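Enquirer: Sharing a structure, written as structure tokens. Questions coming.
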Amino acid sequence: MSAPLLDIQGLRVEFGDTAAVRGASFTVSRGETHCVVGESGCGKSVSALAVMNLLARGARRSADRLVFAGQDLLALPERRMAELRGDRMAMIFQEPMTSLNPAYTVGSQMAEVYTRHRGGSRRAALDRAAGLLAKVGITAPGMRLGQFPHQLSGGLRQRVMIAMALMCDPELLIADEPTTALDVTVQAQILRLLAELQRDLGLAILLITHDLGIVARIAQRVSVMYAGEVVESAPTAALFADPSHPYTRGLLACVPVPGKVKREEALGSIPGVVPRIQPGFEGCAFRDRCAHAAPVCAGPVPRQRGEGAHEFLCRLPPGWTATERAA
Amino acid sequence: MSGAVVMPARRRVAWGKRAGLVIGGVIVGAVLLVAILAPWITPHDPFVQNLDNRLSVPFWMEGAKPGHLLGTDGLGRDYLSRLIYGARISMLIGLLTVVTSGLIGTTLGVLGGFFGGKVDDAVLFAITCRLAIPVVLVALAVVGLLGSSLTLVILVLGLLLWDRFAVVARSTTMQVRNLDYVSAAWAAGLSTPAILLKEILPNIASHLAVVATLEMALAILLEAALSFLGLGVPPPLPSWGLMIAEGKDYMFFSPWVIFIPGVALFILVFGINLLGDGLRDLLGAGDTR
């Protein structure tokens, strides 16, 4: 197996006395969709911004390893990093309504990205933009190029954002909750579009979401983040079949499954909120909300391997869920 | 007929607001046009004196002389011609002052608002220093040292009236800086200068346009005040402020000598302010926030 396109090991991000990301590790291979799930404030967006080196001022980023396509991003000067951004790694944001500049037409914004990285004439860039708009399923792309963002609907704008991200044929696409602000039917269209694009272009996609339904639809691999740590990471099927971290099990219990969950039955919920973690925190961050917490949880937590590439961060032994089910 | 035709919804701005914008625009446009066309539309040379024809009265008074619609001044110069050339001076000073101060203030404000930290501290300090400087006193001192000239008036006003541009540019930049499309521009790999010029500036321009109209009105009034004090435009140039100053000796027997340039000044400043208010309402209505 070839080296992954994006290899993150032990990523740490701190804002003042808050540790937002604490040693998160994940890899994304070419042609793979890797979903990062977790609730608000667990550090998933911050991790994505850390990869792009777009963290707000005052944030401290460090990692054991942060390699993109063979280049060490930690050692890369900002100039070179800016050349990578939008060219070989692109990002889509959550809010399509505000992610386009209201002062320019769609065409000129898309052309801008292309001429910045590839040079060439504006005419050629606009031709390419029109081609991509057609590719992301926008009819009459020539007309859309001349329109301003406020003339487009939310779904259209998100398609434009995706097309814009594809202007320079990126290898990695980071999508930060790309469908959260859209209604359900449009959401499904956008997800299908992403899956198609990935198949056609061999994109590596790092998809950040809090929606497990999205994960089940398009991810090959899932990492569950909690309080700045990846608490469980597995191929999608394995994670849904055998969620091993109590937090993952809690998350899955919150999702109603038609036919399985009865109408009168209360949905699961996880009591409490994500704690604010300070640097130097010891032990499992989930222990205050966990039904299986024990005194040892305040100490170092082992990272355990289940079957295949299934990893989780908990004191409970692999396969504990099976014995619990038997009991 | 089948089905009603759905008309695209157009943003409606109340007529009251639009009336201000239209009236202001017409006034400012007319004065600008008159200023540009001055050499072709003036009936007389504004500098030629005729001591046999001093203080001839304007057309609405008994004994008005044909050919001098607004009469003549204390030296027999045609008042209408002087008024038209005065519009030139006022517009020139207003526009050039706004360009100079706008450049200085916008640059400082955008840099401070965008970079924050030490840069912002420096900009805030500069604004505070500027606010501590009394404009008229500095103008007095500079003109006293260097002698009065049109260039000097424009320079002094331009170098002193940038504070409001800086304050507005700084606060709006701070708002725009954190918007999603600026983050998206970073993520697309745009350079810092490109983000400043292409993402920030176009989106704060509407606010700056409103400031520009207010500053223009202020600059025109200040020029008139300085000229009245004899520290602005040097005679025999026909500035409206200077015309009032020259006319004050004849105030009791020929009040129209100060009345006419005074009204002209009032109408122009009024028009500019109407235009500014109208612009603000129009652009404010377009805000989607």
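Just so we're on the same page: first chain in the structure tokens is A, next is B, and so on; residues restart at 1 for each chain, and ligands are numbered from 1 in the order they show up.
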Distance cut-off 7 Å, counting only C-alpha atoms - which residues of chain B neighbour chain A? Return them as a list in words.

Expert: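 Every residue meeting the condition is included here: Asp180, Tyr181, Ala184, Ala187, Ala188, Gly189, Leu190, Glu199, Pro202 and Asn203 of chain B.
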
Enquirer: Give me the residues near Asp120 in chain B as a VMD selection string, where near means some atom within 10 Å (using only C-alpha atoms) and where sequence neighbours in that chain fewer than 3 positions away do not count.

Expert: chain B and resid 108 to 117 123 to 126 170

Enquirer: Give me, as a PyMOL selection string, all polymer residues having an atom no more than 7 Å from range 309-317 of chain A, counting only C-alpha atoms and skipping those fewer than 4 positions away in the same chain.

Expert: chain A and resi 231-235+244-245+301-305

Enquirer: Please save C-alpha atoms of the selected residues as an mmCIF file, in the first residue's frame.

Expert:
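Just written: part_26.cif:
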```
data_model
loop_
_atom_site.group_PDB
_atom_site.id
_atom_site.type_symbol
_atom_site.label_atom_id
_atom_site.label_comp_id
_atom_site.auth_asym_id
_atom_site.auth_seq_id
_atom_site.Cartn_x
_atom_site.Cartn_y
_atom_site.Cartn_z
ATOM 1 C CA VAL A 231 -11.337 8.244 20.508
ATOM 2 C CA GLU A 232 -12.177 5.695 17.851
ATOM 3 C CA SER A 233 -11.140 5.156 14.261
ATOM 4 C CA ALA A 234 -12.334 2.368 11.990
ATOM 5 C CA PRO A 235 -13.592 1.461 8.524
ATOM 6 C CA SER A 244 -16.194 0.130 20.798
ATOM 7 C CA HIS A 245 -15.763 3.426 22.583
ATOM 8 C CA VAL A 301 -5.728 5.534 28.699
ATOM 9 C CA PRO A 302 -4.501 2.730 26.435
ATOM 10 C CA ARG A 303 -5.035 2.892 22.670
ATOM 11 C CA GLN A 304 -6.331 -0.526 21.731
ATOM 12 C CA ARG A 305 -6.568 -2.330 18.414
#
```

Enquirer: Extract the full set of helix (DSSP H, G or I) residues from range 29-133 of chain B according to DSSP on the backbone, and format it as an MDAnalysis selection string.

Expert: chainID B and resid 29:41 51:53 79:115 117:131

Enquirer: Produce a file of the selected residues containing C-alpha atoms, as a compact mmCIF listing (two decimals), in the first residue's frame.

Expert:
```
# COMPACT_ATOMS: atom_id res chain seq x y z
CA GLY B 29 -24.30 67.00 -10.52
CA ALA B 30 -25.45 70.45 -11.65
CA VAL B 31 -22.75 72.26 -9.65
CA LEU B 32 -20.15 69.85 -10.99
CA LEU B 33 -21.33 70.41 -14.55
CA VAL B 34 -21.31 74.19 -14.12
CA ALA B 35 -17.81 73.98 -12.62
CA ILE B 36 -16.48 71.93 -15.53
CA LEU B 37 -18.14 74.09 -18.18
CA ALA B 38 -17.26 77.41 -16.49
CA PRO B 39 -15.13 78.92 -19.31
CA TRP B 40 -17.92 78.33 -21.85
CA ILE B 41 -20.97 79.45 -19.91
CA LEU B 51 -15.12 100.70 -11.65
CA ASP B 52 -17.84 102.60 -13.54
CA ASN B 53 -20.22 99.73 -12.89
CA TYR B 79 -21.11 88.37 -10.01
CA LEU B 80 -22.61 85.41 -11.92
CA SER B 81 -19.26 84.70 -13.58
CA ARG B 82 -17.47 84.85 -10.25
CA LEU B 83 -20.07 82.55 -8.69
CA ILE B 84 -19.56 80.00 -11.48
CA TYR B 85 -15.79 80.09 -11.15
CA GLY B 86 -16.25 79.86 -7.38
CA ALA B 87 -18.08 76.55 -7.92
CA ARG B 88 -14.91 75.33 -9.63
CA ILE B 89 -12.81 76.14 -6.59
CA SER B 90 -15.27 74.58 -4.17
CA MET B 91 -15.62 71.36 -6.16
CA LEU B 92 -11.87 71.16 -6.77
CA ILE B 93 -11.13 71.54 -3.09
CA GLY B 94 -13.90 69.18 -2.05
CA LEU B 95 -12.87 66.40 -4.43
CA LEU B 96 -9.11 66.64 -4.04
CA THR B 97 -9.36 66.85 -0.25
CA VAL B 98 -11.54 63.75 -0.19
CA VAL B 99 -9.14 61.88 -2.49
CA THR B 100 -6.12 62.76 -0.36
CA SER B 101 -7.70 62.20 3.02
CA GLY B 102 -9.55 59.12 1.76
CA LEU B 103 -6.30 57.53 0.62
CA ILE B 104 -4.55 58.23 3.91
CA GLY B 105 -7.46 57.29 6.17
CA THR B 106 -8.49 54.16 4.28
CA THR B 107 -4.95 52.83 4.13
CA LEU B 108 -4.39 53.36 7.84
CA GLY B 109 -7.82 52.06 8.85
CA VAL B 110 -7.73 48.94 6.71
CA LEU B 111 -4.22 48.03 7.86
CA GLY B 112 -5.11 48.58 11.51
CA GLY B 113 -8.38 46.69 11.30
CA PHE B 114 -6.92 43.83 9.32
CA PHE B 115 -3.68 43.16 11.14
CA GLY B 117 -2.21 43.99 17.44
CA LYS B 118 0.70 46.43 17.28
CA VAL B 119 -0.31 47.79 13.85
CA ASP B 120 -3.75 48.59 15.19
CA ASP B 121 -2.26 50.25 18.28
CA ALA B 122 -0.17 52.47 16.01
CA VAL B 123 -3.18 53.39 13.87
CA LEU B 124 -5.31 54.15 16.92
CA PHE B 125 -2.51 56.34 18.26
CA ALA B 126 -2.33 58.19 14.94
CA ILE B 127 -6.10 58.75 14.99
CA THR B 128 -5.96 60.02 18.56
CA CYS B 129 -3.11 62.39 17.66
CA ARG B 130 -5.00 63.66 14.65
CA LEU B 131 -8.13 64.30 16.73
```
